[in-house]
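File shown here: run_8.cif, holding mmCIF, C-alpha atoms.
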```
data_query
#
loop_
_atom_site.group_PDB
_atom_site.id
_atom_site.type_symbol
_atom_site.label_atom_id
_atom_site.label_comp_id
_atom_site.auth_asym_id
_atom_site.auth_seq_id
_atom_site.Cartn_x
_atom_site.Cartn_y
_atom_site.Cartn_z
ATOM 1 C CA MET A 1 15.891 9.779 -17.716
ATOM 2 C CA ARG A 2 13.733 9.558 -20.809
ATOM 3 C CA LYS A 3 10.930 7.317 -19.487
ATOM 4 C CA LEU A 4 9.632 6.009 -16.162
ATOM 5 C CA PHE A 5 7.542 2.908 -15.515
ATOM 6 C CA VAL A 6 5.412 2.932 -12.339
ATOM 7 C CA ILE A 7 4.753 -0.778 -11.868
ATOM 8 C CA GLY A 8 2.279 -2.416 -9.511
ATOM 9 C CA ILE A 9 3.797 -5.665 -8.227
ATOM 10 C CA GLY A 10 0.972 -7.117 -6.142
ATOM 11 C CA ALA A 11 0.390 -7.518 -2.447
ATOM 12 C CA GLY A 12 3.457 -9.590 -1.646
ATOM 13 C CA ASP A 13 3.413 -12.866 -3.564
ATOM 14 C CA PRO A 14 6.033 -12.779 -6.366
ATOM 15 C CA ASP A 15 3.638 -14.889 -8.448
ATOM 16 C CA GLN A 16 1.166 -11.982 -8.461
ATOM 17 C CA VAL A 17 3.430 -10.011 -10.802
ATOM 18 C CA THR A 18 1.603 -9.770 -14.123
ATOM 19 C CA VAL A 19 3.006 -10.534 -17.567
ATOM 20 C CA GLN A 20 2.542 -6.835 -18.413
ATOM 21 C CA ALA A 21 4.632 -5.895 -15.365
ATOM 22 C CA ILE A 22 7.385 -8.332 -16.351
ATOM 23 C CA LYS A 23 7.513 -6.895 -19.881
ATOM 24 C CA ALA A 24 7.798 -3.379 -18.434
ATOM 25 C CA MET A 25 10.498 -4.370 -15.922
ATOM 26 C CA ARG A 26 12.571 -5.836 -18.746
ATOM 27 C CA GLN A 27 12.753 -2.379 -20.353
ATOM 28 C CA VAL A 28 14.110 -0.694 -17.215
ATOM 29 C CA ASP A 29 17.744 0.300 -16.680
ATOM 30 C CA VAL A 30 17.432 1.727 -13.147
ATOM 31 C CA PHE A 31 14.915 0.767 -10.455
ATOM 32 C CA PHE A 32 14.206 3.259 -7.660
ATOM 33 C CA VAL A 33 13.181 1.875 -4.269
ATOM 34 C CA ILE A 34 12.086 4.116 -1.416
ATOM 35 C CA GLY A 35 13.403 2.387 1.692
ATOM 36 C CA LYS A 36 11.632 2.638 5.045
ATOM 37 C CA GLY A 37 14.414 1.709 7.414
ATOM 38 C CA ALA A 38 15.895 -1.515 8.731
ATOM 39 C CA GLU A 39 12.607 -2.656 10.277
ATOM 40 C CA LYS A 40 10.970 -2.803 6.837
ATOM 41 C CA GLN A 41 13.962 -4.139 4.917
ATOM 42 C CA GLU A 42 11.844 -7.194 4.101
ATOM 43 C CA LEU A 43 9.756 -5.034 1.744
ATOM 44 C CA VAL A 44 12.900 -4.123 -0.198
ATOM 45 C CA ASP A 45 14.011 -7.767 -0.176
ATOM 46 C CA VAL A 46 10.748 -8.872 -1.806
ATOM 47 C CA ARG A 47 11.260 -6.352 -4.604
ATOM 48 C CA THR A 48 14.853 -7.525 -5.038
ATOM 49 C CA ALA A 49 13.671 -11.138 -5.292
ATOM 50 C CA ILE A 50 11.110 -10.170 -7.939
ATOM 51 C CA LEU A 51 13.810 -8.464 -9.990
ATOM 52 C CA ALA A 52 16.147 -11.439 -9.627
ATOM 53 C CA GLU A 53 13.426 -13.773 -10.924
ATOM 54 C CA HIS A 54 12.023 -11.701 -13.766
ATOM 55 C CA VAL A 55 14.679 -9.239 -14.974
ATOM 56 C CA PRO A 56 17.576 -10.949 -16.779
ATOM 57 C CA GLN A 57 19.155 -7.809 -18.264
ATOM 58 C CA PRO A 58 21.772 -5.727 -16.422
ATOM 59 C CA HIS A 59 20.123 -3.098 -14.211
ATOM 60 C CA ARG A 60 20.816 -0.913 -11.209
ATOM 61 C CA LEU A 61 18.863 -0.680 -7.970
ATOM 62 C CA VAL A 62 18.870 2.749 -6.332
ATOM 63 C CA GLU A 63 17.544 2.732 -2.756
ATOM 64 C CA ILE A 64 16.297 6.121 -1.536
ATOM 65 C CA ALA A 65 15.723 6.884 2.152
ATOM 66 C CA ASP A 66 12.132 7.891 2.834
ATOM 67 C CA PRO A 67 12.000 11.347 4.469
ATOM 68 C CA PRO A 68 10.449 11.324 7.970
ATOM 69 C CA ARG A 69 6.789 12.205 8.345
ATOM 70 C CA ASP A 70 4.914 13.521 11.391
ATOM 71 C CA ARG A 71 2.310 10.839 12.146
ATOM 72 C CA THR A 72 1.051 12.455 15.359
ATOM 73 C CA VAL A 73 -1.296 14.940 13.678
ATOM 74 C CA PRO A 74 -4.874 13.724 14.289
ATOM 75 C CA GLY A 75 -7.748 13.680 11.850
ATOM 76 C CA SER A 76 -11.293 14.989 12.440
ATOM 77 C CA GLY A 77 -11.181 18.735 13.120
ATOM 78 C CA ALA A 78 -7.495 18.810 12.209
ATOM 79 C CA ASP A 79 -7.989 17.644 8.616
ATOM 80 C CA ALA A 80 -6.269 20.756 7.215
ATOM 81 C CA ALA A 81 -3.259 20.127 9.437
ATOM 82 C CA TYR A 82 -3.193 16.454 8.432
ATOM 83 C CA ARG A 83 -3.272 17.308 4.726
ATOM 84 C CA GLY A 84 -0.523 19.861 5.299
ATOM 85 C CA VAL A 85 1.725 17.236 6.873
ATOM 86 C CA VAL A 86 1.124 14.824 3.983
ATOM 87 C CA GLU A 87 1.665 17.545 1.373
ATOM 88 C CA ASP A 88 4.982 18.470 2.996
ATOM 89 C CA TRP A 89 6.033 14.813 3.031
ATOM 90 C CA HIS A 90 5.149 14.453 -0.660
ATOM 91 C CA GLU A 91 7.130 17.587 -1.492
ATOM 92 C CA ARG A 92 10.250 16.273 0.225
ATOM 93 C CA ARG A 93 9.844 12.913 -1.515
ATOM 94 C CA ALA A 94 9.545 14.728 -4.845
ATOM 95 C CA GLU A 95 12.786 16.613 -4.193
ATOM 96 C CA ILE A 96 14.664 13.377 -3.519
ATOM 97 C CA LEU A 97 13.229 11.577 -6.543
ATOM 98 C CA GLU A 98 13.840 14.543 -8.832
ATOM 99 C CA GLN A 99 17.537 14.431 -7.997
ATOM 100 C CA ALA A 100 17.676 10.667 -8.558
ATOM 101 C CA PHE A 101 15.828 10.963 -11.873
ATOM 102 C CA ALA A 102 18.140 13.767 -13.047
ATOM 103 C CA GLU A 103 21.181 11.574 -12.418
ATOM 104 C CA THR A 104 19.742 8.659 -14.422
ATOM 105 C CA ASP A 105 20.189 7.860 -18.088
ATOM 106 C CA GLY A 106 17.802 5.614 -19.981
ATOM 107 C CA VAL A 107 14.613 4.108 -18.534
ATOM 108 C CA GLY A 108 13.651 4.166 -14.854
ATOM 109 C CA GLY A 109 11.209 2.063 -12.885
ATOM 110 C CA ILE A 110 9.445 2.230 -9.525
ATOM 111 C CA LEU A 111 7.973 -0.967 -8.107
ATOM 112 C CA VAL A 112 4.798 -0.148 -6.193
ATOM 113 C CA TRP A 113 3.370 -2.454 -3.551
ATOM 114 C CA GLY A 114 -0.136 -3.455 -4.669
ATOM 115 C CA ASP A 115 -1.411 -1.001 -7.279
ATOM 116 C CA PRO A 116 -0.401 2.654 -7.817
ATOM 117 C CA SER A 117 -4.036 3.782 -7.841
ATOM 118 C CA LEU A 118 -4.995 2.766 -4.282
ATOM 119 C CA TYR A 119 -3.635 4.510 -1.167
ATOM 120 C CA ASP A 120 -0.217 5.045 -2.691
ATOM 121 C CA SER A 121 1.514 8.386 -3.215
ATOM 122 C CA THR A 122 3.842 7.508 -6.101
ATOM 123 C CA LEU A 123 1.782 8.995 -8.938
ATOM 124 C CA ARG A 124 1.151 12.236 -7.049
ATOM 125 C CA ILE A 125 4.873 12.581 -6.390
ATOM 126 C CA VAL A 126 5.830 11.857 -10.009
ATOM 127 C CA GLU A 127 3.409 14.589 -11.091
ATOM 128 C CA ARG A 128 5.028 16.989 -8.585
ATOM 129 C CA VAL A 129 8.420 16.303 -10.136
ATOM 130 C CA LEU A 130 7.090 17.043 -13.631
ATOM 131 C CA GLU A 131 5.302 20.207 -12.470
ATOM 132 C CA ARG A 132 8.660 21.677 -11.406
ATOM 133 C CA GLU A 133 9.677 21.579 -15.112
ATOM 134 C CA ARG A 134 13.333 21.053 -14.239
ATOM 135 C CA ILE A 135 13.444 17.630 -15.863
ATOM 136 C CA HIS A 136 11.194 16.070 -18.482
ATOM 137 C CA PHE A 137 10.248 12.444 -19.085
ATOM 138 C CA ASP A 138 7.323 10.308 -20.155
ATOM 139 C CA TYR A 139 5.830 7.787 -17.745
ATOM 140 C CA GLN A 140 3.549 4.767 -17.940
ATOM 141 C CA VAL A 141 1.533 3.075 -15.202
ATOM 142 C CA ILE A 142 1.284 -0.724 -14.983
ATOM 143 C CA PRO A 143 -1.574 -1.960 -12.730
ATOM 144 C CA GLY A 144 -1.020 -4.539 -10.009
ATOM 145 C CA ILE A 145 -3.024 -6.871 -7.786
ATOM 146 C CA THR A 146 -4.122 -5.029 -4.647
ATOM 147 C CA SER A 147 -4.373 -6.203 -1.048
ATOM 148 C CA VAL A 148 -8.138 -5.854 -1.560
ATOM 149 C CA GLN A 149 -8.077 -8.629 -4.142
ATOM 150 C CA ALA A 150 -5.598 -10.654 -2.106
ATOM 151 C CA LEU A 151 -7.880 -10.458 0.956
ATOM 152 C CA ALA A 152 -10.884 -11.659 -1.041
ATOM 153 C CA ALA A 153 -8.886 -14.540 -2.512
ATOM 154 C CA ALA A 154 -7.431 -15.578 0.845
ATOM 155 C CA HIS A 155 -10.914 -15.745 2.396
ATOM 156 C CA ARG A 156 -12.546 -17.172 -0.776
ATOM 157 C CA MET A 157 -15.199 -14.486 -0.627
ATOM 158 C CA VAL A 158 -17.065 -11.921 -2.704
ATOM 159 C CA LEU A 159 -16.447 -8.401 -1.436
ATOM 160 C CA HIS A 160 -20.064 -7.249 -1.665
ATOM 161 C CA GLU A 161 -23.590 -8.541 -1.366
ATOM 162 C CA ILE A 162 -25.652 -8.923 -4.542
ATOM 163 C CA GLY A 163 -26.022 -5.574 -6.289
ATOM 164 C CA GLU A 164 -24.520 -3.632 -3.382
ATOM 165 C CA PRO A 165 -21.518 -1.245 -3.365
ATOM 166 C CA VAL A 166 -18.203 -1.658 -1.587
ATOM 167 C CA HIS A 167 -16.850 1.207 0.516
ATOM 168 C CA ILE A 168 -13.035 1.508 0.712
ATOM 169 C CA THR A 169 -11.797 3.673 3.562
ATOM 170 C CA THR A 170 -9.087 4.116 6.195
ATOM 171 C CA GLY A 171 -8.978 3.343 9.882
ATOM 172 C CA ARG A 172 -9.004 7.055 10.681
ATOM 173 C CA ARG A 173 -12.167 7.592 8.627
ATOM 174 C CA LEU A 174 -13.820 4.546 10.162
ATOM 175 C CA ARG A 175 -13.284 5.993 13.636
ATOM 176 C CA GLU A 176 -14.603 9.401 12.610
ATOM 177 C CA GLU A 177 -17.527 8.395 10.396
ATOM 178 C CA GLY A 178 -18.463 4.889 11.455
ATOM 179 C CA LEU A 179 -19.475 2.071 9.168
ATOM 180 C CA ALA A 180 -21.145 3.060 5.896
ATOM 181 C CA ALA A 181 -24.824 2.160 6.028
ATOM 182 C CA GLY A 182 -25.843 -0.762 3.847
ATOM 183 C CA GLN A 183 -22.347 -1.321 2.483
ATOM 184 C CA SER A 184 -19.465 -3.700 2.959
ATOM 185 C CA SER A 185 -16.489 -1.615 4.119
ATOM 186 C CA LEU A 186 -12.872 -2.419 3.285
ATOM 187 C CA VAL A 187 -10.550 -0.746 5.762
ATOM 188 C CA MET A 188 -6.887 -0.003 5.036
ATOM 189 C CA LEU A 189 -4.123 1.906 6.840
ATOM 190 C CA ASP A 190 -5.544 1.111 10.257
ATOM 191 C CA GLY A 191 -2.733 1.209 12.789
ATOM 192 C CA ASP A 192 -5.141 1.600 15.712
ATOM 193 C CA THR A 193 -7.445 -1.428 15.280
ATOM 194 C CA SER A 194 -10.403 0.902 14.717
ATOM 195 C CA PHE A 195 -12.778 -2.034 14.292
ATOM 196 C CA THR A 196 -12.852 -2.300 18.091
ATOM 197 C CA GLU A 197 -14.601 1.100 18.207
ATOM 198 C CA VAL A 198 -17.422 0.262 15.792
ATOM 199 C CA PRO A 199 -20.599 -0.433 17.790
ATOM 200 C CA GLY A 200 -22.925 -3.342 17.132
ATOM 201 C CA ASP A 201 -23.229 -7.064 17.740
ATOM 202 C CA ASP A 202 -24.213 -7.871 14.148
ATOM 203 C CA LEU A 203 -20.828 -7.246 12.514
ATOM 204 C CA TYR A 204 -18.670 -9.824 10.729
ATOM 205 C CA ILE A 205 -14.982 -9.300 9.929
ATOM 206 C CA TRP A 206 -12.577 -10.794 7.412
ATOM 207 C CA TRP A 207 -9.022 -9.770 8.372
ATOM 208 C CA GLY A 208 -5.643 -10.470 6.809
ATOM 209 C CA ALA A 209 -2.025 -9.466 7.383
ATOM 210 C CA TYR A 210 1.070 -9.896 5.177
ATOM 211 C CA LEU A 211 -1.212 -11.067 2.386
ATOM 212 C CA GLY A 212 0.614 -13.009 -0.300
ATOM 213 C CA MET A 213 3.752 -13.339 1.793
ATOM 214 C CA PRO A 214 5.057 -16.449 3.582
ATOM 215 C CA ASP A 215 3.853 -15.032 6.921
ATOM 216 C CA GLU A 216 0.273 -14.447 5.712
ATOM 217 C CA VAL A 217 -2.294 -14.635 8.526
ATOM 218 C CA ILE A 218 -6.074 -14.477 8.143
ATOM 219 C CA VAL A 219 -8.918 -14.464 10.689
ATOM 220 C CA GLU A 220 -12.666 -14.273 10.146
ATOM 221 C CA GLY A 221 -15.741 -14.422 12.331
ATOM 222 C CA PRO A 222 -18.294 -12.353 14.235
ATOM 223 C CA LEU A 223 -16.445 -9.165 15.162
ATOM 224 C CA ARG A 224 -17.286 -9.191 18.872
ATOM 225 C CA VAL A 225 -16.081 -12.815 19.093
ATOM 226 C CA VAL A 226 -12.747 -12.470 17.258
ATOM 227 C CA GLU A 227 -11.759 -8.807 17.703
ATOM 228 C CA GLN A 228 -9.491 -9.308 20.724
ATOM 229 C CA ARG A 229 -7.931 -12.343 19.077
ATOM 230 C CA ILE A 230 -7.042 -10.133 16.097
ATOM 231 C CA VAL A 231 -5.738 -7.358 18.363
ATOM 232 C CA ARG A 232 -3.455 -9.765 20.232
ATOM 233 C CA ARG A 233 -2.287 -11.530 17.072
ATOM 234 C CA ARG A 234 -1.610 -8.243 15.322
ATOM 235 C CA ALA A 235 0.422 -6.905 18.261
ATOM 236 C CA ALA A 236 2.492 -10.095 18.447
ATOM 237 C CA LEU A 237 3.201 -10.065 14.716
ATOM 238 C CA ARG A 238 4.230 -6.414 14.778
ATOM 239 C CA GLU A 239 6.491 -7.022 17.752
ATOM 240 C CA ARG A 240 8.160 -9.961 16.017
ATOM 241 C CA LYS A 241 8.664 -8.368 12.584
ATOM 242 C CA GLY A 242 8.845 -4.677 13.469
ATOM 243 C CA TRP A 243 6.116 -3.768 10.953
ATOM 244 C CA ILE A 244 2.733 -4.937 9.774
ATOM 245 C CA MET A 245 0.485 -4.413 6.763
ATOM 246 C CA ASP A 246 -3.096 -5.548 7.205
ATOM 247 C CA ILE A 247 -6.551 -4.972 5.759
ATOM 248 C CA TYR A 248 -10.050 -6.114 6.646
ATOM 249 C CA LEU A 249 -13.630 -6.117 5.480
ATOM 250 C CA LEU A 250 -16.562 -5.342 7.784
ATOM 251 C CA ARG A 251 -20.181 -6.185 7.009
ATOM 252 C CA ARG A 252 -23.383 -6.156 9.018
ATOM 253 C CA ALA A 253 -25.425 -9.348 9.071
ATOM 254 C CA LYS A 254 -28.685 -9.229 7.153
#
```

Would you mind giving the structure from this file in structure tokens?
Amino acid sequence: MRKLFVIGIGAGDPDQVTVQAIKAMRQVDVFFVIGKGAEKQELVDVRTAILAEHVPQPHRLVEIADPPRDRTVPGSGADAAYRGVVEDWHERRAEILEQAFAETDGVGGILVWGDPSLYDSTLRIVERVLERERIHFDYQVIPGITSVQALAAAHRMVLHEIGEPVHITTGRRLREEGLAAGQSSLVMLDGDTSFTEVPGDDLYIWWGAYLGMPDEVIVEGPLRVVEQRIVRRRAALRERKGWIMDIYLLRRAK
């Protein structure tokens, strides 16, 4: 493989694919997709639909099974253990991708959900492959619309108050550290509905799941009023589809 494009494709809506992304995809001979099992086949199907709509030239789609990862290691005092688990997972992903890259002629492409710069491991893994120095290739990153932007658009909102910062974090960090003082906090990767553990009656939440997809669901309101509604809705959606991707913004009332 002589070149790799790492292409952000948006949060789920095929119309979020940028013109720059389309131009890059039309240079690709082989697309690599890391599959996450039958339950998340819909994520592969969305990528396939994007390729069918925007890539007229002949191309191959190589689906790679994602290696299993231990998700039972807690955070907090076990941060070193958590990082070790993630590092091991990245290393095994790099091994699989290195083999796929080595067997590929021409130009490769990886379609990344959202944007490669935000809570995505693709760029770290590509760098691991290059650091091994067994194969050599150039790569280019194409930015995409993130779930952060999709959430703001769905709720028709500005992510921050006037002149104030926005804090982007994870559910695990929210549980450990609480809400950042004086900031609007965007929370991603929260499989445990950590917003239910944040104290205070002055909180407002903007929540969204499957943003940009046909099943998109959004809820907003005072946190203590709508939190159980979100918990129930989220559980029902996950039960029905077998997976869920959601994000929310928390802010204290002035």

Sorted by chain and rising residue number, which residues of region 101-199 of chain A lie within 9 Å of region 217-239 of chain A, and what are their closest atom pairs and distances in Å to one decimal, counting all atoms listed in the file, as JSON lines?
```
{"residue": "A:Leu151", "atom": "CA", "partner": "A:Ile218", "partner_atom": "CA", "distance": 8.4}
{"residue": "A:Ala154", "atom": "CA", "partner": "A:Ile218", "partner_atom": "CA", "distance": 7.5}
{"residue": "A:His155", "atom": "CA", "partner": "A:Ile218", "partner_atom": "CA", "distance": 7.6}
{"residue": "A:Thr193", "atom": "CA", "partner": "A:Val231", "partner_atom": "CA", "distance": 6.9}
{"residue": "A:Phe195", "atom": "CA", "partner": "A:Glu227", "partner_atom": "CA", "distance": 7.7}
{"residue": "A:Thr196", "atom": "CA", "partner": "A:Glu227", "partner_atom": "CA", "distance": 6.6}
```

Which residues fall under the PyMOL selection byres ((chain A and resi 46) around 12) in this file, as a PyMOL selection string? chain A and resi 9-15+17+33+40-45+47-53+111-113+210+212-214

Can you write out the residues you just picked, keeping C-alpha atoms, as an mmCIF file, keeping the file's coordinate frame?
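Output below, filename result.cif:
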```cif
data_model
loop_
_atom_site.group_PDB
_atom_site.id
_atom_site.type_symbol
_atom_site.label_atom_id
_atom_site.label_comp_id
_atom_site.auth_asym_id
_atom_site.auth_seq_id
_atom_site.Cartn_x
_atom_site.Cartn_y
_atom_site.Cartn_z
ATOM 1 C CA ILE A 9 3.797 -5.665 -8.227
ATOM 2 C CA GLY A 10 0.972 -7.117 -6.142
ATOM 3 C CA ALA A 11 0.390 -7.518 -2.447
ATOM 4 C CA GLY A 12 3.457 -9.590 -1.646
ATOM 5 C CA ASP A 13 3.413 -12.866 -3.564
ATOM 6 C CA PRO A 14 6.033 -12.779 -6.366
ATOM 7 C CA ASP A 15 3.638 -14.889 -8.448
ATOM 8 C CA VAL A 17 3.430 -10.011 -10.802
ATOM 9 C CA VAL A 33 13.181 1.875 -4.269
ATOM 10 C CA LYS A 40 10.970 -2.803 6.837
ATOM 11 C CA GLN A 41 13.962 -4.139 4.917
ATOM 12 C CA GLU A 42 11.844 -7.194 4.101
ATOM 13 C CA LEU A 43 9.756 -5.034 1.744
ATOM 14 C CA VAL A 44 12.900 -4.123 -0.198
ATOM 15 C CA ASP A 45 14.011 -7.767 -0.176
ATOM 16 C CA ARG A 47 11.260 -6.352 -4.604
ATOM 17 C CA THR A 48 14.853 -7.525 -5.038
ATOM 18 C CA ALA A 49 13.671 -11.138 -5.292
ATOM 19 C CA ILE A 50 11.110 -10.170 -7.939
ATOM 20 C CA LEU A 51 13.810 -8.464 -9.990
ATOM 21 C CA ALA A 52 16.147 -11.439 -9.627
ATOM 22 C CA GLU A 53 13.426 -13.773 -10.924
ATOM 23 C CA LEU A 111 7.973 -0.967 -8.107
ATOM 24 C CA VAL A 112 4.798 -0.148 -6.193
ATOM 25 C CA TRP A 113 3.370 -2.454 -3.551
ATOM 26 C CA TYR A 210 1.070 -9.896 5.177
ATOM 27 C CA GLY A 212 0.614 -13.009 -0.300
ATOM 28 C CA MET A 213 3.752 -13.339 1.793
ATOM 29 C CA PRO A 214 5.057 -16.449 3.582
#
```

Written as a VMD selection string, what is the full residue list that the PyMOL selection byres ((chain A and resi 191) around 10) yields on the file shown? chain A and resid 170 to 172 188 to 190 192 to 194 234 244 to 246

For a test of reading the model, state the distance in Å between CA of Ile142 (chain A) and CA of Leu4 (chain A), rounded to one decimal.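 Spanning CA of Ile142 (chain A) to CA of Leu4 (chain A) is a straight-line distance of 10.8 Å.
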
Region 91-97 of chain A surroundings by only C-alpha atoms, 10 Å radius, close-in-sequence under 3 positions cut, as a ChimeraX atom specification: /A:32-34,64-69,85-88,100-103,121-122,124-130,132

May I ask which of the residues A:Val141, A:Ala209, A:Leu249, A:Val55 is the closest one to Val158 (chain A), counting only C-alpha atoms? A:Leu249

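With only C-alpha atoms as the basis for measurement, A:Ile110 is the residue among A:Leu174, A:Val62, A:Leu179, A:Ile110 that approaches Gly8 (chain A) most closely.
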
Take the point (12.2, 9.5, -19.7) as written in the file and pick out every residue within 7 Å of it, counting all atoms listed in the file; give the list as a list in words. Met1, Arg2, Lys3, Leu4, Gly106, Val107, His136, Phe137, Asp138 and Tyr139 of chain A

Mind pulling up the distance from CA of Pro116 (chain A) to CA of Pro143 (chain A)?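 Distance reported for this atom pair: 6.8 Å.
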
Distance query Lys254 (chain A) at most 12 Å, only C-alpha atoms, self and fewer than 5 positions along chain excluded, as a PyMOL selection string: chain A and resi 161+182-184+202-204

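When CA of Asp29 (chain A) is paired with CA of Thr146 (chain A), their separation reads 25.5 Å.
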
Measuring atom to atom with all atoms listed in the file, identify which of A:Thr169, A:Asp79, A:Val198, A:Ile135 is nearest to Leu118 (chain A).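 Closest candidate: A:Thr169.
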
Option closest in space to Ile145 (chain A), from A:Val30, A:Ile168, A:Met157, A:Ile7 [counting all atoms listed in the file]: A:Ile7
